[in-house]
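The next block is final.csv, given as CSV, N, CA and C atoms.
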chain,number,residue,atom,x,y,z
Y,256,MET,N,-35.2,99.1,24.1
Y,256,MET,CA,-34.6,98.2,23.2
Y,256,MET,C,-34.0,97.0,24.1
Y,257,PRO,N,-34.3,95.7,23.6
Y,257,PRO,CA,-33.8,94.6,24.4
Y,257,PRO,C,-32.2,94.6,24.4
Y,258,GLU,N,-31.7,94.0,25.4
Y,258,GLU,CA,-30.2,94.0,25.6
Y,258,GLU,C,-29.6,93.2,24.4
Y,259,SER,N,-30.3,92.2,23.9
Y,259,SER,CA,-29.7,91.4,22.8
Y,259,SER,C,-29.5,92.1,21.5
Y,260,GLN,N,-30.2,93.3,21.3
Y,260,GLN,CA,-30.0,94.0,20.1
Y,260,GLN,C,-28.8,95.0,20.3
Y,261,LEU,N,-28.1,95.2,19.2
Y,261,LEU,CA,-27.0,96.1,19.2
Y,261,LEU,C,-27.5,97.5,18.8
Y,262,CYS,N,-27.0,98.5,19.5
Y,262,CYS,CA,-27.3,99.9,19.1
Y,262,CYS,C,-26.4,100.3,17.9
Y,263,CYS,N,-26.6,101.4,17.3
Y,263,CYS,CA,-25.9,101.8,16.1
Y,263,CYS,C,-24.4,101.9,16.4
Y,264,SER,N,-24.0,102.5,17.6
Y,264,SER,CA,-22.6,102.6,17.9
Y,264,SER,C,-21.9,101.3,18.1
Y,265,GLU,N,-22.6,100.3,18.7
Y,265,GLU,CA,-22.1,99.0,18.9
Y,265,GLU,C,-21.9,98.3,17.5
Y,266,ILE,N,-22.8,98.5,16.6
Y,266,ILE,CA,-22.7,97.9,15.3
Y,266,ILE,C,-21.5,98.5,14.6
Y,267,VAL,N,-21.2,99.8,14.7
Y,267,VAL,CA,-20.1,100.4,14.1
Y,267,VAL,C,-18.8,99.8,14.7
Y,268,ASP,N,-18.8,99.7,16.0
Y,268,ASP,CA,-17.6,99.1,16.7
Y,268,ASP,C,-17.3,97.7,16.2
Y,269,VAL,N,-18.4,96.9,16.1
Y,269,VAL,CA,-18.2,95.5,15.6
Y,269,VAL,C,-17.7,95.5,14.2
Y,270,GLN,N,-18.2,96.4,13.3
Y,270,GLN,CA,-17.7,96.5,11.9
Y,270,GLN,C,-16.3,96.9,11.8
Y,271,ASN,N,-15.9,97.9,12.6
Y,271,ASN,CA,-14.6,98.4,12.7
Y,271,ASN,C,-13.6,97.3,13.2
Y,272,TYR,N,-14.0,96.6,14.2
Y,272,TYR,CA,-13.2,95.5,14.7
Y,272,TYR,C,-13.0,94.4,13.7
Y,273,ALA,N,-14.1,94.1,13.0
Y,273,ALA,CA,-14.0,93.0,12.0
Y,273,ALA,C,-13.1,93.5,10.9
Y,274,ALA,N,-13.1,94.7,10.5
Y,274,ALA,CA,-12.2,95.2,9.5
Y,274,ALA,C,-10.7,95.2,10.0
Y,275,LEU,N,-10.5,95.5,11.2
Y,275,LEU,CA,-9.2,95.4,11.8
Y,275,LEU,C,-8.6,93.9,11.8
Y,276,ILE,N,-9.5,93.0,12.2
Y,276,ILE,CA,-9.1,91.6,12.2
Y,276,ILE,C,-8.8,91.1,10.8
Y,277,GLN,N,-9.6,91.5,9.8
Y,277,GLN,CA,-9.4,91.1,8.4
Y,277,GLN,C,-8.1,91.7,7.9
Y,278,GLN,N,-7.8,92.9,8.3
Y,278,GLN,CA,-6.5,93.6,7.9
Y,278,GLN,C,-5.3,92.8,8.5
Y,279,GLN,N,-5.4,92.4,9.8
Y,279,GLN,CA,-4.4,91.7,10.4
Y,279,GLN,C,-4.2,90.3,9.8
Y,280,ILE,N,-5.3,89.6,9.4
Y,280,ILE,CA,-5.2,88.3,8.8
Y,280,ILE,C,-4.5,88.5,7.4
Y,281,ASN,N,-4.9,89.5,6.6
Y,281,ASN,CA,-4.2,89.7,5.3
Y,281,ASN,C,-2.7,90.0,5.5
Y,282,GLU,N,-2.4,90.8,6.5
Y,282,GLU,CA,-1.0,91.1,6.7
Y,282,GLU,C,-0.2,89.9,7.1
Y,283,ASP,N,-0.8,89.0,7.9
Y,283,ASP,CA,-0.2,87.8,8.3
Y,283,ASP,C,0.0,86.9,7.1
Y,284,LYS,N,-1.0,86.8,6.2
Y,284,LYS,CA,-0.9,86.0,5.0
Y,284,LYS,C,0.3,86.5,4.2
Y,285,GLN,N,0.6,87.8,4.2
Y,285,GLN,CA,1.6,88.3,3.4
Y,285,GLN,C,3.0,88.3,4.1
Y,286,ASN,N,3.0,87.7,5.3
Y,286,ASN,CA,4.1,87.6,6.2
Y,286,ASN,C,4.8,89.0,6.5
Y,287,LEU,N,3.9,90.0,6.6
Y,287,LEU,CA,4.4,91.3,7.0
Y,287,LEU,C,4.5,91.5,8.5
Y,288,ARG,N,3.9,90.6,9.2
Y,288,ARG,CA,3.9,90.7,10.7
Y,288,ARG,C,4.9,89.7,11.2
Y,289,GLU,N,5.5,90.1,12.3
Y,289,GLU,CA,6.5,89.2,12.9
Y,289,GLU,C,5.9,88.0,13.6
Y,290,LYS,N,4.8,88.2,14.3
Y,290,LYS,CA,4.1,87.1,15.0
Y,290,LYS,C,2.6,87.3,14.8
Y,291,THR,N,1.9,86.2,14.9
Y,291,THR,CA,0.4,86.3,14.7
Y,291,THR,C,-0.2,86.6,16.0
Y,292,VAL,N,-0.7,87.8,16.1
Y,292,VAL,CA,-1.5,88.3,17.2
Y,292,VAL,C,-2.7,89.1,16.6
Y,293,TYR,N,-3.9,88.7,16.9
Y,293,TYR,CA,-5.0,89.4,16.3
Y,293,TYR,C,-5.8,90.2,17.4
Y,294,GLY,N,-6.4,91.3,16.9
Y,294,GLY,CA,-7.2,92.1,17.8
Y,294,GLY,C,-6.4,93.2,18.5
Y,295,ILE,N,-7.0,93.7,19.5
Y,295,ILE,CA,-6.4,94.8,20.3
Y,295,ILE,C,-6.5,94.5,21.8
Y,296,GLN,N,-5.6,95.1,22.5
Y,296,GLN,CA,-5.7,95.0,24.0
Y,296,GLN,C,-6.8,95.9,24.5
Y,297,LEU,N,-7.6,95.3,25.4
Y,297,LEU,CA,-8.7,96.1,26.0
Y,297,LEU,C,-8.3,96.7,27.3
Y,298,THR,N,-8.5,98.0,27.4
Y,298,THR,CA,-8.2,98.7,28.6
Y,298,THR,C,-9.2,98.4,29.7
Y,299,GLU,N,-8.8,98.6,30.9
Y,299,GLU,CA,-9.7,98.4,32.0
Y,299,GLU,C,-11.0,99.2,31.9
Y,300,GLU,N,-10.8,100.4,31.4
Y,300,GLU,CA,-12.0,101.3,31.2
Y,300,GLU,C,-12.9,100.7,30.2
Y,301,LYS,N,-12.4,100.2,29.1
Y,301,LYS,CA,-13.2,99.6,28.1
Y,301,LYS,C,-13.9,98.4,28.6
Y,302,LEU,N,-13.2,97.5,29.3
Y,302,LEU,CA,-13.8,96.3,29.9
Y,302,LEU,C,-14.9,96.7,30.9
Y,303,ASN,N,-14.8,97.8,31.6
Y,303,ASN,CA,-15.8,98.2,32.5
Y,303,ASN,C,-17.1,98.6,31.8
Y,304,ASP,N,-17.0,98.9,30.5
Y,304,ASP,CA,-18.2,99.3,29.7
Y,304,ASP,C,-19.0,98.1,29.3
Y,305,PHE,N,-18.4,96.9,29.3
Y,305,PHE,CA,-19.1,95.7,28.9
Y,305,PHE,C,-20.1,95.3,29.9
Y,306,ARG,N,-21.2,94.7,29.4
Y,306,ARG,CA,-22.2,94.0,30.3
Y,306,ARG,C,-21.6,92.7,30.7
Y,307,ASP,N,-22.2,92.1,31.8
Y,307,ASP,CA,-21.7,90.8,32.3
Y,307,ASP,C,-21.8,89.7,31.2
Y,308,GLU,N,-22.9,89.8,30.4
Y,308,GLU,CA,-23.1,88.8,29.3
Y,308,GLU,C,-21.9,88.9,28.3
Y,309,GLN,N,-21.5,90.1,28.0
Y,309,GLN,CA,-20.5,90.3,27.0
Y,309,GLN,C,-19.1,89.8,27.5
Y,310,ILE,N,-18.9,90.0,28.8
Y,310,ILE,CA,-17.6,89.5,29.4
Y,310,ILE,C,-17.6,88.0,29.3
Y,311,GLY,N,-18.8,87.4,29.6
Y,311,GLY,CA,-18.9,85.9,29.5
Y,311,GLY,C,-18.6,85.5,28.1
Y,312,GLN,N,-19.1,86.2,27.1
Y,312,GLN,CA,-18.9,85.8,25.7
Y,312,GLN,C,-17.4,86.0,25.3
Y,313,LEU,N,-16.7,87.0,25.8
Y,313,LEU,CA,-15.3,87.2,25.6
Y,313,LEU,C,-14.5,86.1,26.2
Y,314,LYS,N,-14.9,85.6,27.4
Y,314,LYS,CA,-14.2,84.5,28.1
Y,314,LYS,C,-14.4,83.3,27.3
Y,315,GLU,N,-15.6,83.0,26.8
Y,315,GLU,CA,-15.8,81.8,26.0
Y,315,GLU,C,-15.0,81.8,24.7
Y,316,LEU,N,-14.9,83.0,24.1
Y,316,LEU,CA,-14.2,83.2,22.8
Y,316,LEU,C,-12.7,83.0,23.1
Y,317,MET,N,-12.2,83.5,24.2
Y,317,MET,CA,-10.8,83.3,24.5
Y,317,MET,C,-10.5,81.9,24.8
Y,318,ASP,N,-11.3,81.2,25.5
Y,318,ASP,CA,-11.1,79.8,25.8
Y,318,ASP,C,-11.1,78.9,24.5
Y,319,GLU,N,-12.0,79.2,23.6
Y,319,GLU,CA,-12.0,78.5,22.3
Y,319,GLU,C,-10.7,78.8,21.5
Y,320,ALA,N,-10.4,80.1,21.5
Y,320,ALA,CA,-9.2,80.5,20.7
Y,320,ALA,C,-7.9,80.0,21.2
Y,321,THR,N,-7.8,79.7,22.5
Y,321,THR,CA,-6.5,79.3,23.1
Y,321,THR,C,-6.5,77.8,23.3
Y,322,LYS,N,-7.4,77.1,22.9
Y,322,LYS,CA,-7.4,75.6,23.0
Y,322,LYS,C,-6.2,75.1,22.2
Y,323,PRO,N,-5.5,74.1,22.7
Y,323,PRO,CA,-4.4,73.5,21.9
Y,323,PRO,C,-5.0,72.8,20.7
Y,324,ASN,N,-4.3,72.8,19.6
Y,324,ASN,CA,-4.8,72.1,18.5
Y,324,ASN,C,-4.6,70.6,18.7
Y,325,LYS,N,-5.6,69.8,18.6
Y,325,LYS,CA,-5.5,68.4,18.7
Y,325,LYS,C,-5.3,67.8,17.3
Y,326,LYS,N,-4.2,67.1,17.1
Y,326,LYS,CA,-4.0,66.5,15.8
Y,326,LYS,C,-4.1,65.0,15.9
Y,327,ILE,N,-4.8,64.5,15.0
Y,327,ILE,CA,-5.0,63.0,14.9
Y,327,ILE,C,-4.2,62.5,13.8
Y,328,THR,N,-3.3,61.5,14.1
Y,328,THR,CA,-2.5,60.9,13.0
Y,328,THR,C,-3.0,59.5,12.8
Y,329,ILE,N,-3.3,59.2,11.6
Y,329,ILE,CA,-3.8,57.9,11.2
Y,329,ILE,C,-2.8,57.3,10.1
Y,330,SER,N,-2.2,56.2,10.5
Y,330,SER,CA,-1.3,55.6,9.5
Y,330,SER,C,-2.0,54.6,8.7
Y,331,LYS,N,-1.5,54.4,7.5
Y,331,LYS,CA,-2.1,53.4,6.6
Y,331,LYS,C,-2.1,52.0,7.1
Y,332,ASP,N,-1.1,51.6,7.9
Y,332,ASP,CA,-1.0,50.3,8.3
Y,332,ASP,C,-1.7,50.0,9.6
Y,333,MET,N,-2.4,51.1,10.2
Y,333,MET,CA,-3.1,50.9,11.4
Y,333,MET,C,-4.4,50.1,11.1
Y,334,LYS,N,-4.6,49.1,11.9
Y,334,LYS,CA,-5.8,48.2,11.7
Y,334,LYS,C,-6.8,48.5,12.8
Y,335,HIS,N,-8.1,48.4,12.4
Y,335,HIS,CA,-9.2,48.7,13.4
Y,335,HIS,C,-9.2,47.5,14.3
Y,336,LYS,N,-9.2,47.7,15.6
Y,336,LYS,CA,-9.3,46.7,16.6
Y,336,LYS,C,-10.7,46.6,17.2
Y,337,ASN,N,-11.3,45.4,17.2
Y,337,ASN,CA,-12.6,45.2,17.8
Y,337,ASN,C,-12.6,44.9,19.2

I need this file expressed as structure tokens, please.
Amino acid sequence: MPESQLCCSEIVDVQNYAALIQQQINEDKQNLREKTVYGIQLTEEKLNDFRDEQIGQLKELMDEATKPNKKITISKDMKHKN
């Protein structure tokens, strides 16, 4: 089986994790949680089970998720300068 395909246990893991994230989002929407933290902490043992490609993907995901929000403010009286 190619590395890019998920085996059955990996699919179940992804489905379970997706369900956990959805539950956390729903709880956050209902303000039942004190602070917004999604997901779970990965143990060193669990991280050791990942392939290098998966670690890279986690790093990219973390980088995207932790980027500061860039807000652009446009006022009505702002004029376009040439």

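Of note, atom N of Glu315 (chain Y) and CA of Val269 (chain Y) are spaced 17.0 Å apart.
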
task = Please indicate the distance in Å from atom N of Ile310 (chain Y) to atom C of Ile266 (chain Y), rounded to one decimal place.
result =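 Going from atom N of Ile310 (chain Y) over to atom C of Ile266 (chain Y) covers 16.8 Å.
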
inquiry  = What does the structure give for the distance between CA of Ala273 (chain Y) and CA of Thr291 (chain Y), in Å to one decimal?
reply    = 16.1 Å

Output as a PDB file, in the coordinates of the input: region 261-272 of chain Y, completed with all heavy atoms.
ATOM      1  N   LEU Y 261     -28.100  95.200  19.200  1.00  0.00           N
ATOM      2  CA  LEU Y 261     -27.000  96.100  19.200  1.00  0.00           C
ATOM      3  C   LEU Y 261     -27.500  97.500  18.800  1.00  0.00           C
ATOM      4  O   LEU Y 261     -28.272  97.656  17.882  1.00  0.00           O
ATOM      5  CB  LEU Y 261     -25.912  95.680  18.217  1.00  0.00           C
ATOM      6  CG  LEU Y 261     -25.193  94.378  18.516  1.00  0.00           C
ATOM      7  CD1 LEU Y 261     -24.242  94.044  17.383  1.00  0.00           C
ATOM      8  CD2 LEU Y 261     -24.442  94.448  19.826  1.00  0.00           C
ATOM      9  N   CYS Y 262     -27.000  98.500  19.500  1.00  0.00           N
ATOM     10  CA  CYS Y 262     -27.300  99.900  19.100  1.00  0.00           C
ATOM     11  C   CYS Y 262     -26.400 100.300  17.900  1.00  0.00           C
ATOM     12  O   CYS Y 262     -25.390  99.587  17.652  1.00  0.00           O
ATOM     13  CB  CYS Y 262     -27.262 100.834  20.237  1.00  0.00           C
ATOM     14  SG  CYS Y 262     -25.610 101.250  20.790  1.00  0.00           S
ATOM     15  N   CYS Y 263     -26.600 101.400  17.300  1.00  0.00           N
ATOM     16  CA  CYS Y 263     -25.900 101.800  16.100  1.00  0.00           C
ATOM     17  C   CYS Y 263     -24.400 101.900  16.400  1.00  0.00           C
ATOM     18  O   CYS Y 263     -23.538 101.466  15.642  1.00  0.00           O
ATOM     19  CB  CYS Y 263     -26.374 103.135  15.620  1.00  0.00           C
ATOM     20  SG  CYS Y 263     -28.019 103.012  14.904  1.00  0.00           S
ATOM     21  N   SER Y 264     -24.000 102.500  17.600  1.00  0.00           N
ATOM     22  CA  SER Y 264     -22.600 102.600  17.900  1.00  0.00           C
ATOM     23  C   SER Y 264     -21.900 101.300  18.100  1.00  0.00           C
ATOM     24  O   SER Y 264     -20.744 101.079  17.735  1.00  0.00           O
ATOM     25  CB  SER Y 264     -22.351 103.533  19.094  1.00  0.00           C
ATOM     26  OG  SER Y 264     -22.853 102.936  20.269  1.00  0.00           O
ATOM     27  N   GLU Y 265     -22.600 100.300  18.700  1.00  0.00           N
ATOM     28  CA  GLU Y 265     -22.100  99.000  18.900  1.00  0.00           C
ATOM     29  C   GLU Y 265     -21.900  98.300  17.500  1.00  0.00           C
ATOM     30  O   GLU Y 265     -20.898  97.574  17.322  1.00  0.00           O
ATOM     31  CB  GLU Y 265     -22.971  98.130  19.768  1.00  0.00           C
ATOM     32  CG  GLU Y 265     -22.940  98.575  21.220  1.00  0.00           C
ATOM     33  CD  GLU Y 265     -23.946  97.828  22.075  1.00  0.00           C
ATOM     34  OE1 GLU Y 265     -25.038  97.511  21.571  1.00  0.00           O
ATOM     35  OE2 GLU Y 265     -23.632  97.568  23.243  1.00  0.00           O
ATOM     36  N   ILE Y 266     -22.800  98.500  16.600  1.00  0.00           N
ATOM     37  CA  ILE Y 266     -22.700  97.900  15.300  1.00  0.00           C
ATOM     38  C   ILE Y 266     -21.500  98.500  14.600  1.00  0.00           C
ATOM     39  O   ILE Y 266     -20.676  97.713  13.953  1.00  0.00           O
ATOM     40  CB  ILE Y 266     -23.960  98.131  14.423  1.00  0.00           C
ATOM     41  CG1 ILE Y 266     -25.114  97.313  15.009  1.00  0.00           C
ATOM     42  CG2 ILE Y 266     -23.731  97.772  12.954  1.00  0.00           C
ATOM     43  CD1 ILE Y 266     -26.460  97.620  14.404  1.00  0.00           C
ATOM     44  N   VAL Y 267     -21.200  99.800  14.700  1.00  0.00           N
ATOM     45  CA  VAL Y 267     -20.100 100.400  14.100  1.00  0.00           C
ATOM     46  C   VAL Y 267     -18.800  99.800  14.700  1.00  0.00           C
ATOM     47  O   VAL Y 267     -17.832  99.531  14.001  1.00  0.00           O
ATOM     48  CB  VAL Y 267     -20.147 101.922  14.168  1.00  0.00           C
ATOM     49  CG1 VAL Y 267     -18.833 102.563  13.760  1.00  0.00           C
ATOM     50  CG2 VAL Y 267     -21.287 102.454  13.317  1.00  0.00           C
ATOM     51  N   ASP Y 268     -18.800  99.700  16.000  1.00  0.00           N
ATOM     52  CA  ASP Y 268     -17.600  99.100  16.700  1.00  0.00           C
ATOM     53  C   ASP Y 268     -17.300  97.700  16.200  1.00  0.00           C
ATOM     54  O   ASP Y 268     -16.168  97.377  15.969  1.00  0.00           O
ATOM     55  CB  ASP Y 268     -17.868  99.084  18.236  1.00  0.00           C
ATOM     56  CG  ASP Y 268     -17.813 100.456  18.887  1.00  0.00           C
ATOM     57  OD1 ASP Y 268     -17.310 101.411  18.242  1.00  0.00           O
ATOM     58  OD2 ASP Y 268     -18.269 100.568  20.044  1.00  0.00           O
ATOM     59  N   VAL Y 269     -18.400  96.900  16.100  1.00  0.00           N
ATOM     60  CA  VAL Y 269     -18.200  95.500  15.600  1.00  0.00           C
ATOM     61  C   VAL Y 269     -17.700  95.500  14.200  1.00  0.00           C
ATOM     62  O   VAL Y 269     -16.741  94.774  13.814  1.00  0.00           O
ATOM     63  CB  VAL Y 269     -19.486  94.711  15.716  1.00  0.00           C
ATOM     64  CG1 VAL Y 269     -19.386  93.384  14.986  1.00  0.00           C
ATOM     65  CG2 VAL Y 269     -19.850  94.502  17.171  1.00  0.00           C
ATOM     66  N   GLN Y 270     -18.200  96.400  13.300  1.00  0.00           N
ATOM     67  CA  GLN Y 270     -17.700  96.500  11.900  1.00  0.00           C
ATOM     68  C   GLN Y 270     -16.300  96.900  11.800  1.00  0.00           C
ATOM     69  O   GLN Y 270     -15.508  96.387  11.076  1.00  0.00           O
ATOM     70  CB  GLN Y 270     -18.640  97.425  11.129  1.00  0.00           C
ATOM     71  CG  GLN Y 270     -20.027  96.875  10.875  1.00  0.00           C
ATOM     72  CD  GLN Y 270     -20.969  97.887  10.245  1.00  0.00           C
ATOM     73  OE1 GLN Y 270     -20.805  99.098  10.411  1.00  0.00           O
ATOM     74  NE2 GLN Y 270     -21.970  97.399   9.526  1.00  0.00           N
ATOM     75  N   ASN Y 271     -15.900  97.900  12.600  1.00  0.00           N
ATOM     76  CA  ASN Y 271     -14.600  98.400  12.700  1.00  0.00           C
ATOM     77  C   ASN Y 271     -13.600  97.300  13.200  1.00  0.00           C
ATOM     78  O   ASN Y 271     -12.509  97.148  12.614  1.00  0.00           O
ATOM     79  CB  ASN Y 271     -14.428  99.654  13.526  1.00  0.00           C
ATOM     80  CG  ASN Y 271     -15.065 100.867  12.892  1.00  0.00           C
ATOM     81  OD1 ASN Y 271     -15.276 100.925  11.681  1.00  0.00           O
ATOM     82  ND2 ASN Y 271     -15.391 101.854  13.702  1.00  0.00           N
ATOM     83  N   TYR Y 272     -14.000  96.600  14.200  1.00  0.00           N
ATOM     84  CA  TYR Y 272     -13.200  95.500  14.700  1.00  0.00           C
ATOM     85  C   TYR Y 272     -13.000  94.400  13.700  1.00  0.00           C
ATOM     86  O   TYR Y 272     -11.921  93.878  13.536  1.00  0.00           O
ATOM     87  CB  TYR Y 272     -13.753  95.012  16.037  1.00  0.00           C
ATOM     88  CG  TYR Y 272     -12.787  94.146  16.793  1.00  0.00           C
ATOM     89  CD1 TYR Y 272     -11.663  94.697  17.391  1.00  0.00           C
ATOM     90  CD2 TYR Y 272     -12.979  92.781  16.897  1.00  0.00           C
ATOM     91  CE1 TYR Y 272     -10.758  93.916  18.079  1.00  0.00           C
ATOM     92  CE2 TYR Y 272     -12.086  91.983  17.591  1.00  0.00           C
ATOM     93  CZ  TYR Y 272     -10.981  92.560  18.173  1.00  0.00           C
ATOM     94  OH  TYR Y 272     -10.092  91.776  18.848  1.00  0.00           O
TER      95      TYR Y 272
END
